[in-house]
$ cat target_9.csv   # CSV, C-alpha atoms
chain,number,residue,atom,x,y,z
L,1,MET,CA,40.3,34.5,-11.2
L,2,ASP,CA,40.4,37.9,-12.9
L,3,THR,CA,42.7,36.6,-15.6
L,4,VAL,CA,40.2,33.9,-16.7
L,5,ASP,CA,39.1,34.4,-20.2
L,6,PRO,CA,35.4,35.7,-20.1
L,7,ASN,CA,34.5,33.4,-23.0
L,8,LEU,CA,35.9,30.4,-21.1
L,9,LYS,CA,33.8,31.5,-18.1
L,10,LYS,CA,30.7,31.7,-20.2
L,11,GLU,CA,31.4,28.3,-21.8
L,12,ASN,CA,32.0,26.8,-18.3
L,13,LYS,CA,28.7,28.2,-17.1
L,14,LYS,CA,26.9,26.7,-20.1
L,15,LEU,CA,28.5,23.3,-19.3
L,16,VAL,CA,27.5,23.5,-15.6
L,17,ASP,CA,23.9,24.4,-16.7
L,18,PHE,CA,23.9,21.5,-19.2
L,19,CYS,CA,25.1,19.0,-16.5
L,20,SER,CA,22.4,20.2,-14.2
L,21,ALA,CA,19.7,19.9,-16.9
L,22,LYS,CA,21.0,16.4,-17.7
L,23,SER,CA,20.9,15.4,-14.0
L,24,ASP,CA,17.3,16.7,-13.7
L,25,LEU,CA,16.3,14.8,-16.8
L,26,ILE,CA,17.7,11.6,-15.5
L,27,SER,CA,16.0,12.1,-12.2
L,28,ILE,CA,12.5,12.8,-13.7
L,29,SER,CA,12.9,9.9,-16.3
L,30,ALA,CA,13.9,7.5,-13.5
L,31,HIS,CA,10.8,8.5,-11.6
L,32,GLN,CA,8.5,7.8,-14.6
L,33,ILE,CA,10.3,4.5,-15.4
L,34,ARG,CA,9.9,3.4,-11.8
L,35,THR,CA,6.2,4.1,-11.9
L,36,SER,CA,5.8,1.8,-15.0
L,37,ILE,CA,8.0,-1.0,-13.6
L,38,SER,CA,6.1,-0.9,-10.3
L,39,ALA,CA,2.9,-1.5,-12.2
L,40,VAL,CA,4.5,-4.4,-14.1
L,41,LYS,CA,6.0,-5.9,-10.9
L,42,TRP,CA,2.7,-5.8,-9.0
L,43,VAL,CA,0.6,-7.3,-11.8
L,44,ILE,CA,3.1,-10.1,-12.5
L,45,LYS,CA,3.1,-10.8,-8.7
L,46,MET,CA,-0.7,-11.0,-8.7
L,47,PHE,CA,-0.5,-13.6,-11.4
L,48,LEU,CA,2.2,-15.5,-9.6
L,49,ASP,CA,0.3,-15.4,-6.3
L,50,GLY,CA,-2.7,-16.9,-8.0
L,51,ASP,CA,-4.9,-13.8,-7.4
L,52,LEU,CA,-6.1,-14.0,-11.0
L,53,GLY,CA,-6.6,-17.8,-11.3
L,54,ARG,CA,-4.5,-20.9,-11.6
L,55,LEU,CA,-1.5,-20.8,-13.9
L,56,THR,CA,-0.1,-23.6,-16.1
L,57,ILE,CA,3.5,-24.6,-15.3
L,58,GLU,CA,4.6,-22.9,-18.5
L,59,GLN,CA,2.8,-19.7,-17.7
L,60,GLU,CA,4.3,-19.7,-14.2
L,61,THR,CA,7.8,-20.3,-15.5
L,62,LEU,CA,7.6,-17.5,-18.0
L,63,LEU,CA,6.1,-15.1,-15.5
L,64,ARG,CA,8.8,-15.8,-13.0
L,65,LYS,CA,11.4,-15.0,-15.6
L,66,ALA,CA,9.5,-11.8,-16.5
L,67,TYR,CA,9.4,-10.9,-12.8
L,68,GLU,CA,13.2,-11.4,-12.4
L,69,SER,CA,13.9,-9.4,-15.5
L,70,ASN,CA,11.7,-6.6,-14.2
L,71,GLU,CA,13.6,-6.7,-10.9
L,72,LYS,CA,16.9,-6.2,-12.8
L,73,ALA,CA,15.3,-3.2,-14.5
L,74,ILE,CA,14.5,-1.8,-11.0
L,75,ASP,CA,18.1,-2.3,-9.9
L,76,VAL,CA,19.4,-0.5,-13.0
L,77,VAL,CA,17.2,2.5,-12.3
L,78,SER,CA,18.4,2.6,-8.7
L,79,GLU,CA,22.0,2.4,-9.8
L,80,LEU,CA,21.4,5.1,-12.4
L,81,LEU,CA,20.0,7.4,-9.8
L,82,LEU,CA,22.9,6.8,-7.4
L,83,LEU,CA,25.4,7.3,-10.2
L,84,ASN,CA,23.7,10.5,-11.3
L,85,LYS,CA,24.0,11.8,-7.8
L,86,THR,CA,27.6,10.6,-7.2
L,87,GLU,CA,29.0,11.6,-10.6
L,88,ASN,CA,27.9,15.2,-10.3
L,89,ILE,CA,28.7,15.7,-6.7
L,90,ILE,CA,32.5,16.0,-6.9
L,91,GLU,CA,32.3,18.8,-9.3
L,92,LYS,CA,30.1,20.9,-7.0
L,93,GLU,CA,31.6,23.5,-4.6
L,94,PHE,CA,32.2,22.2,-1.0
L,95,VAL,CA,29.8,23.9,1.4
L,96,ILE,CA,31.2,23.4,4.9
L,97,GLU,CA,28.8,23.5,7.9
L,98,THR,CA,28.8,22.1,11.4
L,99,LEU,CA,27.0,18.8,11.5
L,100,ASP,CA,25.5,16.5,14.1
L,101,ILE,CA,26.7,13.1,13.0
L,102,VAL,CA,24.0,11.0,14.6
L,103,GLU,CA,21.3,12.9,12.8
L,104,LEU,CA,23.3,12.6,9.6
L,105,VAL,CA,23.6,8.8,9.8
L,106,ASP,CA,19.9,8.6,10.8
L,107,ASN,CA,19.0,10.5,7.6
L,108,ALA,CA,21.2,8.3,5.4
L,109,ILE,CA,19.7,5.1,6.9
L,110,PHE,CA,16.1,6.4,6.4
L,111,ASN,CA,16.8,6.5,2.7
L,112,PHE,CA,17.5,2.8,2.6
L,113,SER,CA,14.9,1.4,5.0
L,114,GLY,CA,12.8,0.2,2.0
L,115,GLU,CA,15.6,-1.4,0.1
L,116,ALA,CA,16.9,-3.2,3.2
L,117,TYR,CA,13.5,-4.4,4.1
L,118,ALA,CA,12.9,-5.7,0.5
L,119,ARG,CA,16.1,-7.7,0.8
L,120,GLY,CA,15.4,-8.9,4.3
L,121,ILE,CA,18.5,-7.1,5.6
L,122,GLU,CA,18.6,-5.3,8.9
L,123,ILE,CA,20.4,-2.0,9.3
L,124,ILE,CA,21.6,-1.6,12.8
L,125,PHE,CA,22.9,1.8,13.9
L,126,LEU,CA,24.8,1.3,17.2
L,127,LYS,CA,24.5,4.9,18.5
L,128,PRO,CA,27.4,6.0,20.7
L,129,LEU,CA,26.6,6.1,24.4
L,130,GLU,CA,28.5,9.3,24.9
L,131,ARG,CA,27.6,12.5,23.0
L,132,LEU,CA,30.1,12.8,20.2
L,133,PRO,CA,31.5,16.2,19.1
L,134,LYS,CA,30.2,17.7,15.9
L,135,ILE,CA,32.1,17.8,12.6
L,136,ASP,CA,32.7,20.4,10.0
L,137,ALA,CA,31.8,19.0,6.6
L,138,ASP,CA,29.7,19.3,3.5
L,139,LYS,CA,26.4,17.6,4.4
L,140,GLU,CA,25.3,16.7,0.9
L,141,LYS,CA,28.6,15.1,0.0
L,142,LEU,CA,28.9,13.3,3.3
L,143,LEU,CA,25.5,11.8,2.7
L,144,VAL,CA,26.7,10.5,-0.6
L,145,VAL,CA,29.6,8.9,1.1
L,146,LEU,CA,27.4,7.2,3.7
L,147,GLN,CA,24.7,6.2,1.2
L,148,ASN,CA,27.2,4.6,-1.2
L,149,LEU,CA,28.7,2.6,1.6
L,150,ILE,CA,25.3,1.5,3.0
L,151,GLU,CA,24.1,0.7,-0.5
L,152,ASN,CA,27.1,-1.5,-1.1
L,153,ALA,CA,26.7,-3.2,2.3
L,154,ILE,CA,23.1,-4.0,1.5
L,155,LYS,CA,23.8,-5.1,-2.1
L,156,TYR,CA,26.6,-7.4,-1.3
L,157,SER,CA,25.1,-8.9,1.9
L,158,ASN,CA,23.3,-12.2,1.8
L,159,MET,CA,19.5,-12.3,2.3
L,160,HIS,CA,18.7,-11.8,6.0
L,161,GLY,CA,22.2,-10.3,6.6
L,162,LYS,CA,22.9,-7.5,8.9
L,163,VAL,CA,24.6,-4.1,8.3
L,164,PHE,CA,26.1,-2.4,11.4
L,165,ILE,CA,27.0,1.3,11.5
L,166,THR,CA,29.1,2.6,14.3
L,167,LEU,CA,30.7,5.9,15.2
L,168,LYS,CA,33.6,6.7,17.5
L,169,LYS,CA,36.2,9.3,18.5
L,170,LEU,CA,39.7,8.7,17.2
L,171,ASN,CA,42.1,11.4,18.3
L,172,ASP,CA,40.8,14.6,16.5
L,173,PHE,CA,38.6,12.7,14.2
L,174,ILE,CA,35.2,10.9,14.1
L,175,GLN,CA,35.5,7.4,12.7
L,176,PHE,CA,32.5,6.0,10.8
L,177,ALA,CA,32.4,2.2,10.3
L,178,ILE,CA,29.9,0.4,8.0
L,179,LYS,CA,30.2,-3.4,8.4
L,180,ASP,CA,28.4,-6.0,6.5
L,181,THR,CA,28.2,-9.8,6.6
L,182,GLY,CA,28.4,-10.2,2.9
L,183,ILE,CA,30.9,-11.3,0.3
L,184,VAL,CA,34.6,-10.7,0.8
L,185,ILE,CA,36.7,-8.4,-1.3
L,186,SER,CA,39.1,-10.4,-3.6
L,187,GLU,CA,42.9,-10.2,-3.4
L,188,GLU,CA,42.8,-8.2,-6.7
L,189,GLY,CA,40.1,-5.9,-5.3
L,190,LYS,CA,42.1,-5.1,-2.2
L,191,THR,CA,44.5,-3.1,-4.3
L,192,LYS,CA,42.1,-1.7,-6.9
L,193,ILE,CA,38.8,-1.2,-5.1
L,194,PHE,CA,39.1,2.6,-5.1
L,195,GLU,CA,40.1,2.9,-8.8
L,196,LYS,CA,37.6,4.5,-11.2
L,197,PHE,CA,35.4,2.0,-13.0
L,198,TYR,CA,36.9,-1.0,-11.1
L,199,ARG,CA,34.5,-3.6,-10.0
L,200,ASP,CA,35.5,-6.6,-7.9
L,201,PRO,CA,35.0,-9.9,-9.8
L,202,ASP,CA,33.0,-11.4,-6.9
L,203,ALA,CA,30.9,-8.2,-6.7
L,204,LYS,CA,30.1,-8.6,-10.4
L,205,LYS,CA,28.9,-12.1,-9.8
L,206,LYS,CA,26.6,-11.1,-7.0
L,207,GLU,CA,25.3,-7.9,-8.6
L,208,ALA,CA,25.6,-7.6,-12.3
L,209,VAL,CA,24.6,-3.9,-12.2
L,210,GLY,CA,27.2,-1.4,-11.1
L,211,SER,CA,29.3,1.4,-12.4
L,212,GLY,CA,32.5,1.3,-10.4
L,213,ILE,CA,32.2,5.0,-9.7
L,214,GLY,CA,31.0,5.0,-6.1
L,215,LEU,CA,34.1,4.1,-4.1
L,216,TYR,CA,36.3,6.2,-6.4
L,217,THR,CA,34.2,9.2,-5.8
L,218,ILE,CA,33.7,8.8,-2.1
L,219,LYS,CA,37.4,8.4,-1.5
L,220,LYS,CA,37.9,11.8,-3.2
L,221,ILE,CA,35.2,13.4,-1.1
L,222,VAL,CA,36.6,12.0,2.2
L,223,GLU,CA,40.1,13.1,1.3
L,224,LYS,CA,38.9,16.6,0.3
L,225,LEU,CA,37.3,16.8,3.8
L,226,SER,CA,40.8,15.9,5.3
L,227,GLY,CA,39.8,12.4,6.2
L,228,LYS,CA,40.9,8.9,5.3
L,229,ILE,CA,39.0,5.9,4.0
L,230,TRP,CA,40.0,2.2,4.2
L,231,PHE,CA,38.5,-1.3,4.7
L,232,GLU,CA,39.0,-4.7,6.3
L,233,SER,CA,37.6,-7.8,4.6
L,234,SER,CA,37.7,-11.4,5.7
L,235,ILE,CA,35.5,-14.5,5.5
L,236,GLU,CA,35.1,-14.6,9.3
L,237,ASP,CA,34.2,-11.0,9.8
L,238,GLY,CA,32.7,-9.8,6.5
L,239,THR,CA,33.7,-6.4,5.1
L,240,THR,CA,34.0,-3.2,7.1
L,241,PHE,CA,34.6,0.2,5.5
L,242,TYR,CA,36.0,2.9,7.7
L,243,PHE,CA,36.4,6.6,7.1
L,244,THR,CA,37.3,9.5,9.3
L,245,ILE,CA,36.3,13.2,9.3
L,246,PRO,CA,38.0,15.8,11.5
L,247,MET,CA,36.0,17.1,14.5
L,248,SER,CA,34.8,20.7,14.7
L,249,LYS,CA,37.5,23.0,16.1
Z,250,MET,CA,-15.6,-2.1,11.9
Z,251,SER,CA,-13.0,-2.2,9.3
Z,252,LYS,CA,-10.1,0.2,9.3
Z,253,SER,CA,-10.1,3.0,6.7
Z,254,ILE,CA,-7.1,4.0,4.5
Z,255,LEU,CA,-6.9,7.2,2.6
Z,256,ILE,CA,-4.9,6.4,-0.6
Z,257,ILE,CA,-3.5,9.5,-2.3
Z,258,GLU,CA,-2.3,8.5,-5.7
Z,259,ASP,CA,-2.7,10.2,-9.1
Z,260,ASP,CA,-2.0,7.2,-11.3
Z,261,ASP,CA,-5.3,5.5,-11.8
Z,262,PHE,CA,-3.8,2.1,-12.5
Z,263,LEU,CA,-1.5,2.0,-9.5
Z,264,LEU,CA,-4.4,3.4,-7.3
Z,265,GLY,CA,-6.6,0.5,-8.5
Z,266,LEU,CA,-4.0,-2.1,-7.8
Z,267,GLU,CA,-3.2,-0.7,-4.3
Z,268,ALA,CA,-6.9,-0.4,-3.5
Z,269,THR,CA,-7.7,-3.9,-4.6
Z,270,LYS,CA,-5.0,-5.4,-2.5
Z,271,LEU,CA,-5.8,-3.5,0.6
Z,272,GLN,CA,-9.6,-4.1,0.2
Z,273,LYS,CA,-8.8,-7.9,-0.1
Z,274,LYS,CA,-7.0,-7.6,3.2
Z,275,GLY,CA,-10.2,-6.2,4.8
Z,276,TYR,CA,-9.5,-2.5,4.8
Z,277,GLU,CA,-11.9,0.2,3.6
Z,278,VAL,CA,-10.3,2.4,1.0
Z,279,ILE,CA,-10.9,6.1,0.4
Z,280,PRO,CA,-9.3,7.1,-2.9
Z,281,ALA,CA,-8.0,10.6,-3.7
Z,282,ALA,CA,-6.4,11.4,-7.0
Z,283,THR,CA,-5.0,14.8,-6.2
Z,284,GLY,CA,-3.6,16.6,-3.2
Z,285,GLY,CA,-6.5,19.0,-3.2
Z,286,ASP,CA,-9.0,16.2,-3.2
Z,287,ALA,CA,-7.1,14.5,-0.3
Z,288,LEU,CA,-7.1,17.6,1.8
Z,289,LYS,CA,-10.9,18.1,1.3
Z,290,LYS,CA,-11.5,14.5,2.4
Z,291,ILE,CA,-9.2,14.9,5.4
Z,292,GLU,CA,-10.9,18.2,6.4
Z,293,SER,CA,-14.4,16.6,6.1
Z,294,ASN,CA,-13.7,14.7,9.3
Z,295,ILE,CA,-14.3,11.2,7.8
Z,296,LYS,CA,-12.8,8.3,9.7
Z,297,ILE,CA,-9.2,7.7,8.5
Z,298,ASP,CA,-6.9,5.2,10.3
Z,299,LEU,CA,-3.9,5.5,7.9
Z,300,ILE,CA,-2.8,7.7,5.0
Z,301,LEU,CA,-0.9,6.3,2.0
Z,302,LEU,CA,0.7,9.2,0.4
Z,303,ASP,CA,2.3,9.6,-3.1
Z,304,LEU,CA,4.5,12.7,-3.4
Z,305,MET,CA,4.2,13.8,-7.1
Z,306,LEU,CA,0.6,14.9,-7.4
Z,307,PRO,CA,-1.3,17.4,-9.5
Z,308,ASP,CA,-2.4,20.7,-7.9
Z,309,VAL,CA,-1.2,20.3,-4.2
Z,310,ASP,CA,1.8,18.0,-4.1
Z,311,GLY,CA,2.5,15.3,-1.4
Z,312,PHE,CA,4.9,17.5,0.6
Z,313,MET,CA,2.3,20.2,0.9
Z,314,VAL,CA,-0.3,17.7,1.9
Z,315,LEU,CA,2.0,16.4,4.6
Z,316,GLU,CA,2.7,19.9,5.8
Z,317,LYS,CA,-1.0,20.6,6.1
Z,318,ILE,CA,-1.6,17.3,7.9
Z,319,ARG,CA,1.2,18.1,10.3
Z,320,GLN,CA,-0.3,21.5,11.1
Z,321,ASN,CA,-3.5,19.9,12.3
Z,322,LYS,CA,-3.2,18.6,15.9
Z,323,ASP,CA,-6.2,16.3,15.5
Z,324,LEU,CA,-4.4,14.3,12.9
Z,325,LEU,CA,-1.1,13.8,14.7
Z,326,THR,CA,-1.8,10.2,15.6
Z,327,ILE,CA,-2.7,9.0,12.1
Z,328,PRO,CA,0.2,6.9,10.7
Z,329,ILE,CA,1.4,8.1,7.3
Z,330,ILE,CA,3.2,5.9,4.8
Z,331,VAL,CA,4.9,7.8,2.0
Z,332,PHE,CA,4.6,5.5,-1.0
Z,333,SER,CA,6.5,7.2,-3.9
Z,334,ASN,CA,9.1,6.6,-6.5
Z,335,LEU,CA,10.9,9.8,-5.6
Z,336,SER,CA,14.1,9.0,-3.7
Z,337,GLU,CA,16.3,12.1,-4.1
Z,338,ASP,CA,18.0,13.1,-0.9
Z,339,LYS,CA,16.2,16.5,-0.7
Z,340,ASP,CA,12.9,14.7,-1.0
Z,341,VAL,CA,13.7,12.1,1.6
Z,342,GLN,CA,15.0,14.7,4.1
Z,343,ARG,CA,12.0,16.9,3.6
Z,344,VAL,CA,9.7,14.0,4.4
Z,345,ASN,CA,11.8,12.8,7.3
Z,346,LYS,CA,11.7,16.3,8.9
Z,347,LEU,CA,7.9,16.4,8.7
Z,348,GLY,CA,7.7,13.0,10.3
Z,349,VAL,CA,6.1,9.9,8.7
Z,350,SER,CA,5.8,6.3,9.8
Z,351,GLU,CA,7.4,4.8,6.7
Z,352,PHE,CA,9.0,5.9,3.5
Z,353,MET,CA,8.6,3.3,0.8
Z,354,ILE,CA,9.8,3.3,-2.7
Z,355,LYS,CA,7.1,1.7,-4.8
Z,356,SER,CA,9.2,-0.2,-7.2
Z,357,ASN,CA,11.1,-1.8,-4.3
Z,358,PHE,CA,8.0,-3.4,-2.7
Z,359,THR,CA,5.3,-5.8,-3.6
Z,360,LEU,CA,1.7,-5.0,-2.6
Z,361,ASP,CA,1.8,-7.8,0.0
Z,362,GLU,CA,4.8,-6.1,1.6
Z,363,LEU,CA,2.8,-2.8,1.6
Z,364,ALA,CA,-0.1,-4.6,3.2
Z,365,ASP,CA,2.2,-6.0,5.9
Z,366,LYS,CA,3.5,-2.6,6.7
Z,367,VAL,CA,-0.1,-1.3,7.0
Z,368,LYS,CA,-1.0,-4.2,9.3
Z,369,ASN,CA,2.1,-3.5,11.5
Z,370,LEU,CA,0.9,0.1,11.9
Z,371,ILE,CA,-2.9,-0.3,12.4
Z,372,GLY,CA,-3.6,-4.0,12.7
Z,373,GLU,CA,-6.2,-5.8,10.6
$ encode --input "target_9.csv" --output "structure tokens"
Amino acid sequence: MDTVDPNLKKENKKLVDFCSAKSDLISISAHQIRTSISAVKWVIKMFLDGDLGRLTIEQETLLRKAYESNEKAIDVVSELLLLNKTENIIEKEFVIETLDIVELVDNAIFNFSGEAYARGIEIIFLKPLERLPKIDADKEKLLVVLQNLIENAIKYSNMHGKVFITLKKLNDFIQFAIKDTGIVISEEGKTKIFEKFYRDPDAKKKEAVGSGIGLYTIKKIVEKLSGKIWFESSIEDGTTFYFTIPMSK
Amino acid sequence: MSKSILIIEDDDFLLGLEATKLQKKGYEVIPAATGGDALKKIESNIKIDLILLDLMLPDVDGFMVLEKIRQNKDLLTIPIIVFSNLSEDKDVQRVNKLGVSEFMIKSNFTLDELADKVKNLIGE
């Protein structure tokens, strides 16, 4: 490190600061946008529910379209926030600490209770009966892994679907499994799903908004933590993503 | 006697919409536009059955309000719904640690869904 050009170090620091400022700006802007689109959503819903008087068929049709359009904007903001978090995370230094995995999964699920409820999807965390060993990992990054997989499971599930999360010991590793009852990964997707910017054609049909960054990034995180990530997908059983993280020594 | 909800929300327009919906469902609404105002109302011992809490607030923010509420043993049983558009991990974890009944992102819910959550927690 002593041989690194001081100018290069200075420029790198500037870049890191710039990225951090950009990330904060996205986060604050997203909050403000969400506030405005919440107001639009609630007001249109009041009209549609007849709270403000009877609507003509034409008015109702237009307002329904406006509501759907606003819902898309809400999805875009959520995707932007997840992308903002995911994109920057891999560049940050890994801070390893000993973690309780049940608490970690509880935290990740808490973040999605609203989204799952809004889509009528139940997240079921089947907590292990035996106390599982702790793991050594970077908490922030592991949360990003879990959140991306839970977010995908919710997004690609059908209304009133279920998402199951399970944990188990597998040799010297803890295996996480996130299973949904949603769409199946296509044959093309089975070989390309972890590629940067790749989006499965069926996923695009179900959810137009998406960056194709999530699975690429979380694979990098899992591998950096000495684990593995893979999936199984079939019409009968839905899609399950698995990943492993080594247990604490 | 109708149940009372303290709505802590700095955006006048959103506050008006939330209050109207909850009043229509039969609840009494106590509005507070800042964290400081909310704490004064909480400390004045008025009857509060549920608190609807935004996080980004002028003067005292929602996290601080939550911390103050959690330090008061008399208020431990009051359900709190955090109703915010903040959803960064650090914010969610901070709220989760302090303990709330629900964490709802405003843009993901309709006001009827909010009213359903309130009903589940304190009845009609």
$ atom_distance --input "target_9.csv" --atom1 "CA of Glu188 in chain L" --atom2 "CA of Thr217 in chain L"
19.4 Å
$ interface_residues --input "target_9.csv" --of "chain Z" --to "chain L" --cutoff "10 Å" --atoms "all atoms listed in the file" --output "PyMOL selection string"
chain Z and resi 260+262-263+266-267+270+305+333-342+345-346+351-362
$ atom_distance --input "target_9.csv" --atom1 "CA of Pro307 in chain Z" --atom2 "CA of Val331 in chain Z"
16.2 Å
$ residues_near_point --input "target_9.csv" --point "(-6.2, 9.1, 3.3)" --cutoff "9 Å" --atoms "all atoms listed in the file" --output "number ranges by chain"
Z: 253-257, 278-281, 287-288, 290-291, 297-302, 329
$ atom_distance --input "target_9.csv" --atom1 "CA of Phe231 in chain L" --atom2 "CA of Ala153 in chain L"
12.2 Å
$ residues_near_point --input "target_9.csv" --point "(21.4, 18.6, -13.6)" --cutoff "12 Å" --atoms "all atoms listed in the file" --output "PyMOL selection string"
chain L and resi 14-28+81+84-89+91-92
$ closest_residue --input "target_9.csv" --among "L:Lys169, L:Arg54, L:Asn152, L:Ile44" --to "Arg199 in chain L" --atoms "only C-alpha atoms"
L:Asn152
$ closest_residue --input "target_9.csv" --among "Z:Arg343, Z:Leu304, Z:Gly348, Z:Glu292" --to "Arg319 in chain Z" --atoms "only C-alpha atoms"
Z:Gly348
$ closest_residue --input "target_9.csv" --among "L:Glu97, L:Glu103, L:Glu187, L:Asp180" --to "Asp237 in chain L" --atoms "all atoms listed in the file"
L:Asp180
$ residues_around --input "target_9.csv" --residues "Ala203 in chain L" --least-positions-apart "6" --cutoff "8 Å" --atoms "only C-alpha atoms" --output "PDB file with C-alpha atoms, in the frame of the given file"
ATOM      1  CA  TYR L 156      26.600  -7.400  -1.300  1.00  0.00           C
ATOM      2  CA  ILE L 183      30.900 -11.300   0.300  1.00  0.00           C
ATOM      3  CA  ILE L 185      36.700  -8.400  -1.300  1.00  0.00           C
TER       4      ILE L 185
END
$ closest_residue --input "target_9.csv" --among "Z:Met313, Z:Val367, Z:Leu347, Z:Ser251" --to "Phe332 in chain Z" --atoms "all atoms listed in the file"
Z:Val367
$ closest_residue --input "target_9.csv" --among "Z:Asp303, Z:Lys252, Z:Val309, Z:Ile330" --to "Gln272 in chain Z" --atoms "all atoms listed in the file"
Z:Lys252
$ closest_residue --input "target_9.csv" --among "L:Lys9, L:Lys228, L:Lys141, L:Lys190" --to "Ile174 in chain L" --atoms "only C-alpha atoms"
L:Lys228
